[in-house]
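Peer 1: Structure supplied as structure-v4.cif; contents: mmCIF, C-alpha atoms.
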data_run
loop_
_atom_site.label_atom_id
_atom_site.label_comp_id
_atom_site.auth_asym_id
_atom_site.auth_seq_id
_atom_site.Cartn_x
_atom_site.Cartn_y
_atom_site.Cartn_z
CA MET W 865 18.03 3.69 39.05
CA LYS W 866 19.89 2.33 36.09
CA LEU W 867 19.72 -1.39 35.63
CA MET W 868 22.68 -1.52 33.32
CA PHE W 869 23.96 -4.96 34.24
CA GLY W 870 21.15 -6.61 36.17
CA ARG W 871 18.85 -7.54 33.31
CA THR W 872 16.05 -9.86 34.20
CA ILE W 873 15.55 -11.58 30.85
CA SER W 874 18.46 -12.21 28.52
CA LEU W 875 18.46 -10.55 25.12
CA GLN W 876 18.71 -13.90 23.36
CA LEU W 877 15.51 -15.11 24.98
CA ARG W 878 13.72 -11.88 24.06
CA LEU W 879 14.87 -12.20 20.46
CA PHE W 880 13.74 -15.82 20.36
CA VAL W 881 10.26 -14.90 21.61
CA ALA W 882 10.04 -11.94 19.19
CA VAL W 883 11.09 -14.06 16.20
CA LEU W 884 8.66 -16.81 17.19
CA LEU W 885 5.76 -14.35 17.52
CA SER W 886 6.64 -12.71 14.19
CA VAL W 887 6.73 -16.04 12.38
CA VAL W 888 3.35 -16.96 13.87
CA LEU W 889 1.99 -13.57 12.73
CA ILE W 890 3.44 -13.87 9.22
CA VAL W 891 2.08 -17.38 8.72
CA GLY W 892 -1.27 -16.44 10.24
CA ASP W 893 -1.60 -13.33 8.12
CA ARG W 894 -0.53 -14.97 4.88
CA TYR W 895 -2.39 -18.25 5.10
CA THR W 896 -5.69 -17.31 6.71
CA GLN W 897 -8.44 -15.52 4.86
CA GLY W 898 -11.21 -13.08 5.55
CA GLY W 899 -11.76 -9.78 7.31
CA THR W 900 -11.87 -10.90 10.88
CA THR W 901 -12.75 -8.47 13.65
CA ILE W 902 -9.16 -8.65 14.93
CA ARG W 903 -7.80 -7.45 11.61
CA THR W 904 -10.38 -4.69 11.33
CA SER W 905 -9.66 -3.43 14.83
CA LEU W 906 -5.89 -3.59 14.24
CA ASN W 907 -6.33 -1.57 11.04
CA THR W 908 -8.52 0.88 12.92
CA LEU W 909 -5.76 1.29 15.50
CA VAL W 910 -3.39 2.90 13.01
CA SER W 911 -5.91 5.01 11.07
CA PRO W 912 -5.33 8.15 13.24
CA LEU W 913 -1.65 7.85 12.33
CA ILE W 914 -2.52 7.66 8.63
CA TYR W 915 -4.81 10.69 8.84
CA LEU W 916 -2.11 12.63 10.67
CA ALA W 917 0.53 11.74 8.07
CA ASN W 918 -1.87 12.79 5.31
CA LEU W 919 -2.47 16.19 6.94
CA PRO W 920 0.48 18.14 5.40
CA TYR W 921 -0.52 17.06 1.90
CA GLU W 922 -4.12 18.05 2.59
CA LEU W 923 -3.04 21.49 3.83
CA PHE W 924 -0.90 21.99 0.74
CA SER W 925 -3.74 21.11 -1.59
CA ILE W 926 -6.14 23.43 0.28
CA GLY W 927 -3.54 26.18 -0.02
CA ALA W 928 -3.12 25.50 -3.73
CA LYS W 929 -6.89 25.66 -4.21
CA ASN W 930 -7.08 29.04 -2.51
CA LEU W 931 -4.33 30.40 -4.72
CA HIS W 932 -6.25 29.68 -7.95
CA THR W 933 -6.88 32.84 -9.90
CA ARG W 934 -10.32 33.91 -11.04
CA ASP W 935 -9.37 33.31 -14.68
CA GLN W 936 -8.25 29.77 -13.98
CA LEU W 937 -11.49 29.01 -12.19
CA LEU W 938 -13.57 30.50 -15.00
CA THR W 939 -11.81 28.49 -17.72
CA GLU W 940 -12.07 25.33 -15.64
CA ASN W 941 -15.77 26.00 -15.07
CA GLU W 942 -16.29 26.54 -18.80
CA ALA W 943 -14.55 23.28 -19.70
CA LEU W 944 -16.53 21.33 -17.11
CA LYS W 945 -19.84 22.79 -18.34
CA LYS W 946 -19.05 21.72 -21.90
CA LYS W 947 -18.10 18.27 -20.74
CA GLN W 948 -21.26 18.00 -18.69
CA LEU W 949 -23.43 19.03 -21.64
CA LEU W 950 -21.86 16.39 -23.87
CA GLN W 951 -22.20 13.74 -21.20
CA SER W 952 -25.82 14.56 -20.40
CA GLU W 953 -26.61 14.17 -24.09
CA GLN W 954 -25.03 10.70 -23.95
CA LEU W 955 -26.94 9.98 -20.75
CA GLN W 956 -30.27 10.60 -22.47
CA GLN W 957 -29.31 8.02 -25.06
CA LEU W 958 -28.13 5.68 -22.32
CA GLN W 959 -31.49 5.68 -20.55
CA PHE W 960 -33.23 4.83 -23.79
CA LEU W 961 -30.70 2.15 -24.67
CA SER W 962 -30.73 0.53 -21.24
CA ARG W 963 -34.54 0.35 -21.30
CA GLU W 964 -34.35 -1.23 -24.73
CA ASN W 965 -31.67 -3.59 -23.51
CA ASP W 966 -33.83 -4.63 -20.54
CA LYS W 967 -36.76 -5.34 -22.88
CA LEU W 968 -34.60 -7.40 -25.23
CA ARG W 969 -33.15 -9.33 -22.31
CA ALA W 970 -36.65 -9.99 -21.01
CA LEU W 971 -37.66 -11.26 -24.45
CA LEU W 972 -34.68 -13.59 -24.49
CA GLY W 973 -35.42 -14.72 -20.94
CA SER W 974 -31.87 -14.03 -19.85
CA SER W 975 -30.67 -12.56 -16.59
CA ALA W 976 -31.37 -8.90 -15.94
CA LYS W 977 -28.56 -6.47 -15.25
CA GLN W 978 -28.72 -4.68 -11.94
CA SER W 979 -27.15 -1.42 -11.10
CA ASN W 980 -24.91 -1.79 -8.05
CA ARG W 981 -24.51 0.40 -5.04
CA LYS W 982 -21.43 2.62 -5.14
CA ILE W 983 -19.60 5.17 -3.03
CA ILE W 984 -16.97 7.81 -3.76
CA ALA W 985 -13.71 7.58 -1.83
CA GLN W 986 -10.63 9.75 -1.67
CA VAL W 987 -7.07 8.47 -1.72
CA LEU W 988 -5.06 9.41 1.37
CA SER W 989 -1.55 10.10 0.22
CA VAL W 990 0.56 8.13 2.65
CA HIS W 991 3.61 6.02 2.07
CA SER W 992 3.07 2.29 1.66
CA ASN W 993 5.21 -0.78 1.57
CA PRO W 994 7.64 -0.30 -1.38
CA TYR W 995 7.32 -3.96 -2.37
CA SER W 996 3.65 -3.77 -3.28
CA HIS W 997 1.30 -1.44 -5.10
CA GLN W 998 -1.44 -0.20 -2.83
CA VAL W 999 -3.21 2.96 -1.73
CA VAL W 1000 -5.20 3.93 1.36
CA ILE W 1001 -8.71 5.38 1.00
CA ASN W 1002 -10.77 7.35 3.49
CA ARG W 1003 -13.67 4.88 3.77
CA GLY W 1004 -14.06 1.87 5.99
CA THR W 1005 -16.49 -0.44 7.72
CA THR W 1006 -18.52 2.55 8.94
CA ASP W 1007 -19.43 3.16 5.28
CA GLY W 1008 -20.20 -0.53 4.84
CA LEU W 1009 -17.05 -1.51 2.98
CA SER W 1010 -15.76 -5.05 3.08
CA GLU W 1011 -12.84 -7.01 1.66
CA GLY W 1012 -12.86 -7.90 -2.01
CA GLN W 1013 -14.89 -4.98 -3.33
CA ALA W 1014 -13.96 -3.62 -6.74
CA VAL W 1015 -12.50 -0.11 -7.01
CA ILE W 1016 -12.59 1.97 -10.20
CA ASP W 1017 -11.91 5.55 -11.21
CA GLU W 1018 -13.33 7.67 -14.03
CA MET W 1019 -11.15 5.91 -16.61
CA GLY W 1020 -11.22 2.24 -15.64
CA VAL W 1021 -10.50 -0.47 -13.10
CA VAL W 1022 -8.07 0.41 -10.30
CA GLY W 1023 -8.01 -2.64 -8.04
CA GLN W 1024 -9.78 -4.19 -5.10
CA ILE W 1025 -10.04 -3.69 -1.36
CA THR W 1026 -7.81 -5.99 0.65
CA GLN W 1027 -7.86 -4.60 4.20
CA VAL W 1028 -10.56 -2.64 5.97
CA GLY W 1029 -10.47 -0.57 9.13
CA SER W 1030 -13.35 1.43 10.55
CA THR W 1031 -12.41 4.67 8.74
CA THR W 1032 -9.66 3.64 6.30
CA SER W 1033 -9.17 0.79 3.84
CA ARG W 1034 -6.36 -0.42 1.69
CA VAL W 1035 -6.78 -0.90 -2.06
CA LEU W 1036 -4.53 -3.37 -3.85
CA LEU W 1037 -3.81 -1.96 -7.31
CA MET W 1038 -4.18 -4.25 -10.30
CA THR W 1039 -0.48 -3.79 -11.16
CA ASP W 1040 0.63 -5.53 -7.96
CA THR W 1041 2.38 -8.86 -8.45
CA THR W 1042 -0.26 -10.65 -6.37
CA HIS W 1043 -3.24 -9.30 -8.34
CA ALA W 1044 -4.92 -10.80 -11.39
CA THR W 1045 -8.01 -9.55 -13.21
CA PRO W 1046 -10.26 -11.69 -15.40
CA VAL W 1047 -10.83 -9.81 -18.67
CA ARG W 1048 -12.09 -10.26 -22.20
CA ILE W 1049 -11.03 -8.52 -25.38
CA LEU W 1050 -13.71 -6.01 -26.35
CA ARG W 1051 -13.27 -6.61 -30.09
CA ASN W 1052 -13.88 -10.37 -30.16
CA ASP W 1053 -14.96 -11.43 -26.64
CA VAL W 1054 -11.96 -13.72 -26.09
CA ARG W 1055 -11.50 -14.36 -22.38
CA THR W 1056 -8.11 -14.10 -20.71
CA VAL W 1057 -6.50 -12.99 -17.45
CA VAL W 1058 -4.43 -9.88 -16.83
CA GLU W 1059 -1.85 -9.99 -14.06
CA GLY W 1060 0.35 -7.34 -12.49
CA ILE W 1061 4.12 -7.55 -12.77
CA GLY W 1062 5.03 -4.86 -10.24
CA LYS W 1063 5.33 -1.98 -12.69
CA ILE W 1064 2.82 0.83 -12.37
CA ASN W 1065 2.15 1.20 -16.13
CA VAL W 1066 2.46 -2.36 -17.42
CA VAL W 1067 0.36 -5.47 -16.92
CA LYS W 1068 0.80 -8.85 -18.55
CA LEU W 1069 -1.70 -11.21 -20.15
CA SER W 1070 -1.08 -14.64 -18.70
CA HIS W 1071 -0.99 -17.90 -20.66
CA VAL W 1072 -1.85 -16.51 -24.10
CA PRO W 1073 -1.59 -19.14 -26.87
CA HIS W 1074 0.33 -18.10 -29.98
CA SER W 1075 -2.81 -18.51 -32.07
CA LEU W 1076 -4.96 -16.12 -29.99
CA ASP W 1077 -6.49 -13.29 -31.97
CA VAL W 1078 -5.06 -10.26 -30.15
CA ARG W 1079 -3.75 -7.06 -31.72
CA ILE W 1080 -1.98 -3.96 -30.47
CA GLY W 1081 -4.58 -1.41 -29.43
CA ASP W 1082 -7.17 -3.97 -28.32
CA ILE W 1083 -9.18 -2.82 -25.33
CA LEU W 1084 -9.53 -5.28 -22.45
CA VAL W 1085 -12.66 -5.05 -20.29
CA THR W 1086 -13.59 -6.97 -17.16
CA SER W 1087 -15.33 -10.23 -17.96
CA GLY W 1088 -17.26 -10.52 -14.71
CA LEU W 1089 -15.88 -14.00 -14.12
CA GLY W 1090 -14.42 -14.55 -10.69
CA GLY W 1091 -17.13 -12.43 -9.12
CA THR W 1092 -15.01 -9.53 -7.87
CA PHE W 1093 -15.28 -7.09 -10.75
CA PRO W 1094 -18.63 -6.38 -12.41
CA GLU W 1095 -18.68 -6.99 -16.14
CA GLY W 1096 -17.74 -4.40 -18.73
CA TYR W 1097 -15.35 -1.95 -17.06
CA PRO W 1098 -12.26 -1.03 -19.13
CA VAL W 1099 -9.01 -2.43 -17.75
CA ALA W 1100 -6.10 -2.01 -20.15
CA VAL W 1101 -5.00 -1.48 -23.75
CA VAL W 1102 -2.67 -3.97 -25.42
CA THR W 1103 0.66 -2.30 -26.19
CA GLU W 1104 3.18 -5.03 -26.96
CA ILE W 1105 2.92 -8.52 -28.45
CA ASN W 1106 5.87 -10.87 -28.68
CA ARG W 1107 5.01 -14.06 -30.56
CA ASP W 1108 8.34 -15.83 -30.14
CA GLU W 1109 7.70 -19.49 -30.96
CA GLY W 1110 10.52 -20.49 -28.63
CA HIS W 1111 8.35 -19.63 -25.64
CA PRO W 1112 5.38 -21.81 -24.68
CA PHE W 1113 3.07 -18.79 -24.66
CA ALA W 1114 2.92 -15.48 -26.50
CA GLN W 1115 4.04 -12.56 -24.36
CA VAL W 1116 1.39 -9.87 -24.42
CA TYR W 1117 1.73 -6.68 -22.40
CA ALA W 1118 -0.90 -4.02 -21.84
CA GLU W 1119 -1.10 -0.58 -20.29
CA PRO W 1120 -3.74 0.09 -17.61
CA ILE W 1121 -6.37 2.59 -18.72
CA ALA W 1122 -6.72 4.16 -15.27
CA GLN W 1123 -3.71 6.33 -14.52
CA LEU W 1124 -2.69 4.46 -11.42
CA ASP W 1125 0.15 6.78 -10.44
CA ARG W 1126 -2.10 9.85 -10.15
CA ILE W 1127 -5.40 8.58 -8.79
CA ARG W 1128 -7.19 10.86 -6.36
CA LEU W 1129 -10.93 10.15 -6.37
CA LEU W 1130 -12.15 6.58 -6.64
CA VAL W 1131 -15.47 4.78 -6.82
CA VAL W 1132 -15.98 1.67 -4.69
CA LEU W 1133 -18.51 -0.77 -6.14
CA TRP W 1134 -20.66 -3.27 -4.31
CA ARG W 1135 -21.17 -6.70 -5.74
CA ASN W 1136 -24.52 -7.56 -7.29
CA GLN W 1137 -26.72 -9.06 -4.59
CA GLN W 1138 -28.17 -11.62 -6.98
CA GLU W 1139 -28.63 -11.81 -10.68
CA SER W 1140 -32.39 -12.12 -10.78
CA ILE W 1141 -33.78 -14.13 -13.63
CA SER W 1142 -36.80 -12.64 -15.33
CA ASN W 1143 -38.70 -15.43 -16.95
CA GLU W 1144 -42.31 -14.55 -16.65
CA MET Q 550 9.74 9.71 36.72
CA ASN Q 551 9.89 6.37 34.93
CA SER Q 552 6.72 6.88 32.95
CA ARG Q 553 7.74 10.42 31.95
CA HIS Q 554 10.92 9.12 30.31
CA SER Q 555 9.07 6.38 28.49
CA LEU Q 556 6.48 8.89 27.32
CA LEU Q 557 9.19 11.15 25.90
CA ILE Q 558 10.74 8.22 24.04
CA ALA Q 559 7.29 7.22 22.75
CA ILE Q 560 6.73 10.76 21.45
CA SER Q 561 9.94 10.63 19.43
CA ILE Q 562 8.99 7.24 17.99
CA PHE Q 563 5.54 8.59 17.14
CA PHE Q 564 7.12 11.46 15.21
CA ALA Q 565 9.32 8.98 13.36
CA LEU Q 566 6.23 6.94 12.42
CA VAL Q 567 4.50 10.04 11.04
CA MET Q 568 7.66 10.96 9.11
CA ALA Q 569 7.82 7.44 7.70
CA LEU Q 570 4.23 7.63 6.42
CA MET Q 571 4.26 11.21 5.19
CA PRO Q 572 3.89 11.58 1.41
CA LEU Q 573 6.98 12.62 -0.54
CA PRO Q 574 7.30 13.73 -4.15
CA ILE Q 575 7.38 10.58 -6.26
CA SER Q 576 10.99 11.16 -7.35
CA PHE Q 577 12.23 11.23 -3.73
CA GLU Q 578 10.20 8.17 -2.74
CA PRO Q 579 12.94 5.52 -3.26
CA TYR Q 580 15.38 7.51 -1.08
CA ARG Q 581 13.16 7.74 2.01
CA PRO Q 582 15.33 6.84 5.05
CA ASP Q 583 13.95 4.36 7.57
CA TRP Q 584 13.17 6.96 10.21
CA VAL Q 585 11.55 4.56 12.65
CA LEU Q 586 14.38 2.06 12.64
CA LEU Q 587 17.01 4.80 13.00
CA VAL Q 588 15.21 6.31 15.99
CA LEU Q 589 14.75 2.87 17.57
CA MET Q 590 18.45 2.18 17.04
CA TYR Q 591 19.42 5.44 18.70
CA TRP Q 592 17.34 4.73 21.79
CA SER Q 593 18.55 1.15 22.00
CA LEU Q 594 22.13 2.46 22.04
CA ALA Q 595 21.44 5.30 24.47
CA VAL Q 596 19.03 3.68 26.92
CA PRO Q 597 19.15 -0.09 26.25
CA HIS Q 598 17.49 -0.89 29.60
CA ARG Q 599 14.44 1.14 28.58
CA LEU Q 600 13.94 0.36 24.91
CA ASN Q 601 14.49 -3.18 23.84
CA ILE Q 602 13.41 -5.94 21.52
CA GLY Q 603 9.87 -5.91 22.92
CA THR Q 604 9.32 -2.26 22.00
CA ALA Q 605 10.91 -2.81 18.60
CA TRP Q 606 8.52 -5.68 17.97
CA VAL Q 607 5.43 -3.63 18.86
CA VAL Q 608 6.58 -0.63 16.81
CA GLY Q 609 7.34 -2.99 13.91
CA LEU Q 610 3.80 -4.32 14.09
CA LEU Q 611 2.41 -0.76 14.01
CA MET Q 612 4.61 -0.05 11.00
CA ASP Q 613 3.32 -3.20 9.28
CA LEU Q 614 -0.27 -2.14 9.86
CA ALA Q 615 0.32 1.45 8.76
CA SER Q 616 2.29 0.62 5.63
CA GLY Q 617 0.23 -2.39 4.58
CA SER Q 618 2.99 -4.98 4.48
CA PRO Q 619 2.26 -8.56 5.56
CA LEU Q 620 1.88 -8.54 9.35
CA GLY Q 621 5.04 -9.51 11.19
CA VAL Q 622 7.62 -8.62 8.54
CA ASN Q 623 8.71 -5.35 10.11
CA SER Q 624 8.36 -6.79 13.63
CA LEU Q 625 10.81 -9.54 12.77
CA THR Q 626 13.35 -7.33 11.01
CA TYR Q 627 13.21 -4.56 13.65
CA SER Q 628 13.66 -7.11 16.44
CA VAL Q 629 16.75 -8.60 14.80
CA CYS Q 630 18.33 -5.17 14.19
CA ILE Q 631 17.59 -3.96 17.71
CA PHE Q 632 19.00 -7.22 19.09
CA ILE Q 633 22.31 -6.44 17.36
CA THR Q 634 22.50 -2.83 18.57
CA ALA Q 635 21.25 -3.58 22.10
CA SER Q 636 23.67 -6.44 22.62
CA ASN Q 637 26.65 -4.37 21.44
CA PHE Q 638 25.65 -0.96 22.75
CA GLN Q 639 28.77 -0.50 24.88
CA LYS Q 640 31.05 -1.02 21.89
CA ILE Q 641 29.04 1.03 19.42
CA ARG Q 642 28.69 3.94 21.83
CA ASN Q 643 32.48 4.40 21.91
CA PHE Q 644 32.84 4.75 18.18
CA SER Q 645 33.05 8.15 16.58
CA LEU Q 646 30.08 9.43 14.66
CA TRP Q 647 31.33 8.49 11.20
CA GLN Q 648 32.36 5.01 12.35
CA GLN Q 649 28.90 4.62 13.86
CA SER Q 650 27.25 5.67 10.62
CA ILE Q 651 29.17 3.00 8.70
CA LEU Q 652 28.01 0.39 11.22
CA ILE Q 653 24.45 1.70 10.95
CA ALA Q 654 24.69 1.34 7.17
CA LEU Q 655 25.66 -2.31 7.68
CA PHE Q 656 22.65 -2.87 9.94
CA LEU Q 657 20.38 -1.10 7.46
CA THR Q 658 21.71 -3.33 4.67
CA LEU Q 659 20.87 -6.36 6.79
CA TYR Q 660 17.42 -4.92 7.45
CA HIS Q 661 16.67 -4.30 3.78
CA LEU Q 662 17.99 -7.67 2.67
CA MET Q 663 15.81 -9.40 5.29
CA GLN Q 664 12.83 -7.30 4.21
CA PHE Q 665 13.40 -8.18 0.58
CA TRP Q 666 13.92 -11.84 1.38
CA LEU Q 667 10.68 -12.10 3.39
CA ASN Q 668 8.72 -10.20 0.74
CA HIS Q 669 10.23 -12.39 -1.95
CA PHE Q 670 8.90 -15.49 -0.24
CA LEU Q 671 5.54 -13.98 0.70
CA MET Q 672 4.68 -12.02 -2.43
CA GLY Q 673 7.15 -13.08 -5.10
CA VAL Q 674 8.81 -9.70 -5.69
CA TYR Q 675 12.12 -9.55 -7.52
CA PHE Q 676 15.21 -7.68 -6.47
CA SER Q 677 15.93 -4.29 -7.91
CA PRO Q 678 18.95 -2.24 -6.76
CA HIS Q 679 16.83 0.79 -5.88
CA TYR Q 680 15.49 -1.08 -2.84
CA MET Q 681 18.91 -0.38 -1.29
CA TRP Q 682 18.89 3.42 -1.64
CA PRO Q 683 17.57 3.95 1.93
CA VAL Q 684 20.81 2.42 3.24
CA LEU Q 685 22.80 5.34 1.86
CA THR Q 686 20.31 8.04 2.87
CA GLY Q 687 19.89 6.40 6.29
CA MET Q 688 23.63 6.49 6.79
CA LEU Q 689 23.71 10.20 5.96
CA CYS Q 690 20.72 10.87 8.20
CA TRP Q 691 22.25 9.05 11.15
CA TRP Q 692 24.42 12.11 11.95
CA TRP Q 693 21.41 14.36 12.25
CA ILE Q 694 19.27 11.85 14.08
CA PHE Q 695 22.07 11.13 16.52
CA LEU Q 696 22.79 14.80 17.22
CA ILE Q 697 19.12 15.84 17.47
CA LEU Q 698 18.11 12.94 19.68
CA ARG Q 699 21.15 13.41 21.90
CA LYS Q 700 20.13 17.01 22.39
CA TYR Q 701 16.55 15.86 23.09
CA ARG Q 702 17.77 13.23 25.55
CA ARG Q 703 20.08 15.62 27.41
CA HIS Q 704 17.49 18.38 27.51
CA PHE Q 705 14.87 16.15 29.11
CA ARG Q 706 17.49 14.10 31.02
CA ILE Q 707 16.15 10.79 29.74
CA ARG Q 708 18.07 8.00 31.41
#
For this file, produce the structure as structure tokens.
Peer 2:
Amino acid sequence: MKLMFGRTISLQLRLFVAVLLSVVLIVGDRYTQGGTTIRTSLNTLVSPLIYLANLPYELFSIGAKNLHTRDQLLTENEALKKKQLLQSEQLQQLQFLSRENDKLRALLGSSAKQSNRKIIAQVLSVHSNPYSHQVVINRGTTDGLSEGQAVIDEMGVVGQITQVGSTTSRVLLMTDTTHATPVRILRNDVRTVVEGIGKINVVKLSHVPHSLDVRIGDILVTSGLGGTFPEGYPVAVVTEINRDEGHPFAQVYAEPIAQLDRIRLLVVLWRNQQESISNE
Amino acid sequence: MNSRHSLLIAISIFFALVMALMPLPISFEPYRPDWVLLVLMYWSLAVPHRLNIGTAWVVGLLMDLASGSPLGVNSLTYSVCIFITASNFQKIRNFSLWQQSILIALFLTLYHLMQFWLNHFLMGVYFSPHYMWPVLTGMLCWWWIFLILRKYRRHFRIR
């Protein structure tokens, strides 16, 4: 039975309904906030698809691992052992310093620093919308993730979680045009905001007065303002300053410290539950 | 019989979705053809009574969810493109393959301009000419998609 000419609903009506529904969806998605259960379940719906699309890459990398020679593994092992030795030496110092820091903070009566909960996540290499910078990770609500958590890698800040499913989540990179990170300059504690401009290796400092003390090579770290990113993680290094008096603000560009185009393993941070005040 | 045909069409769309999400080397990334839209267009030309704007809308929503774009953007653009092909399927079917591929390139241009326009309003992105590369690769891929899917359709007698 071929209903070639006896259509029940006209195409125009179908298109009208489809356009109407899409507009409702677009407006609803753009102008409502929060990780509702509907969104989470919708994201969960497509996660098998994402895992399936990631499968070929995973097989390739397993194959590549198995083809490592013994020499390669030995040299890699050697390098890692050296690195670990150096870092464990620093760690011993760190424990001492953090205890001292706690004592000094207690003496000053200021808020104590808390270590946050964290989890390691792996990036699933799947294609994303070409108009935005984002990656998918293999953790979701089953691991306790929620929207707005900070994501870092071993070098520095990567971005934050914007969509969660039960087994996958989407991380918005800090170079996306819709992302901004509150930072301060490590050298002199000046606060400013870094925003993405849609290029993977450039971010821009927004609204910088011409008189601001900023130099090429300055390291920007998270300021902890805004509440998403904990304080003190490295974000970017200033690479270009254009103090053209014709513009209302100085144009300052920086390069992200995390290599955002080759991230593989990430750390998802939980927000501090409360900054307890120790004033005994 | 009915459900078997729909299932076979769904399988081909599923493969297109996986192809659309599969990682490519970073240098090939801008040239990725819009597999899903091309497959949807083929079915809307071949069996317009079976695959229509409704299906395109649902598949567009899946694509939105899987690729992380604002919900509804792909649904809207897929629906409009499938409306054009489904309402002119009798004309387009009679064209030769290269004429068809030029038409498909026109539809793909429309699709990408609509995508860019919506994303411009929603996220403030700016136009760069490499957003239009998939039009060219999609046009070249249309030949293969058309021939492979025609073989698939004839083999399983999807009507």
Peer 1: Just want the 10 Å neighbourhood of range 597-601 of chain Q, counted on all atoms listed in the file, with same-chain residues fewer than 3 positions away dropped. Output as number ranges by chain.
Peer 2: W: 866-871, 875, 878-879; Q: 551, 554-555, 558-559, 589-594, 604-606, 628, 631-632, 634-639, 707-708
Peer 1: Let me know the residues the PyMOL selection byres ((chain W) within 6 of (chain Q)) catches in the file above, as a ChimeraX atom specification.
Peer 2: /W:883,886,889-890,910,917,989-993
Peer 1: CA of Leu1076 in chain W and CA of Glu1104 in chain W are how many Å apart?
Peer 2: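 Rounded to one decimal, the two atoms are 14.1 Å apart.
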Peer 1: Tell me which of Q:Asn643, Q:Cys630, Q:Pro574, Q:Leu698 sits closest to Leu655 in chain Q, counting all atoms listed in the file.
Peer 2: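 Among the listed residues, the smallest separation from Leu655 in chain Q belongs to Q:Cys630.
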Peer 1: For Ile984 in chain W, which residue out of W:Arg894, W:Arg1048, W:His932, W:Arg1003 is the nearest one, using all atoms listed in the file?
Peer 2: W:Arg1003
Peer 1: Would you mind reading off the distance between CA of Tyr580 in chain Q and CA of Trp693 in chain Q, one decimal, in Å?
Peer 2: 16.2 Å
Peer 1: CA of Tyr995 in chain W and CA of Asp1125 in chain W are how many Å apart?
Peer 2: 15.2 Å
Peer 1: Which residues, named as in the file, does the PyMOL selection byres ((chain W and resi 1132) around 12) pick out? Answer as a PyMOL selection string.
Peer 2: chain W and resi 980-987+1001-1004+1007-1018+1020-1025+1033-1035+1092-1094+1129-1131+1133-1135
Peer 1: Would you pick out the contacts of Trp691 in chain Q at 8 Å or less, using only C-alpha atoms, so that residues sharing its chain but fewer than 6 positions from it are not included, and give the list as a PyMOL selection string?
Peer 2: chain Q and resi 587+650+653
Peer 1: Any idea what's packed within 8 Å of Leu988 in chain W, counting only C-alpha atoms, ignoring anything in its chain fewer than 5 positions away? Could you give it as a PyMOL selection string?
Peer 2: chain W and resi 914-915+918+999-1002
Peer 1: What's the 12 Å shell around Met688 in chain Q, counting only C-alpha atoms, without same-chain residues fewer than 5 positions away, as a PyMOL selection string?
Peer 2: chain Q and resi 580-584+586-587+646-658+681-683+693-695
Peer 1: Can you pull out the residues contacting Thr1005 in chain W? Cut-off 7 Å, using all atoms listed in the file, and skip same-chain residues under 6 positions away; I want them as an NGL selection string.
Peer 2: :W and (1028-1031)
Peer 1: With all atoms listed in the file as the basis for distance, which of Q:His704, Q:Arg553, Q:Arg642, Q:His661 is at the shortest distance from Ala595 in chain Q?
Peer 2: Q:Arg642
Peer 1: Could you add the missing atoms to range 553-563 of chain Q, up to N, CA and C atoms, and return them as a tab-separated table (two decimals), in the coordinates of the input?
Peer 2:
chain	number	residue	atom	x	y	z
Q	553	ARG	N	7.49	9.20	32.72
Q	553	ARG	CA	7.74	10.42	31.95
Q	553	ARG	C	8.81	10.15	30.88
Q	554	HIS	N	9.86	9.43	31.27
Q	554	HIS	CA	10.92	9.12	30.31
Q	554	HIS	C	10.39	8.26	29.17
Q	555	SER	N	9.61	7.25	29.53
Q	555	SER	CA	9.07	6.38	28.49
Q	555	SER	C	8.16	7.15	27.56
Q	556	LEU	N	7.38	8.08	28.14
Q	556	LEU	CA	6.48	8.89	27.32
Q	556	LEU	C	7.27	9.73	26.32
Q	557	LEU	N	8.38	10.32	26.80
Q	557	LEU	CA	9.19	11.15	25.90
Q	557	LEU	C	9.78	10.33	24.76
Q	558	ILE	N	10.22	9.11	25.09
Q	558	ILE	CA	10.74	8.22	24.04
Q	558	ILE	C	9.62	7.87	23.06
Q	559	ALA	N	8.43	7.58	23.61
Q	559	ALA	CA	7.29	7.22	22.75
Q	559	ALA	C	6.94	8.35	21.81
Q	560	ILE	N	7.04	9.60	22.31
Q	560	ILE	CA	6.73	10.76	21.45
Q	560	ILE	C	7.68	10.81	20.26
Q	561	SER	N	8.98	10.57	20.53
Q	561	SER	CA	9.94	10.63	19.43
Q	561	SER	C	9.67	9.52	18.42
Q	562	ILE	N	9.28	8.34	18.91
Q	562	ILE	CA	8.99	7.24	17.99
Q	562	ILE	C	7.74	7.57	17.18
Q	563	PHE	N	6.77	8.21	17.83
Q	563	PHE	CA	5.54	8.59	17.14
Q	563	PHE	C	5.85	9.56	16.00
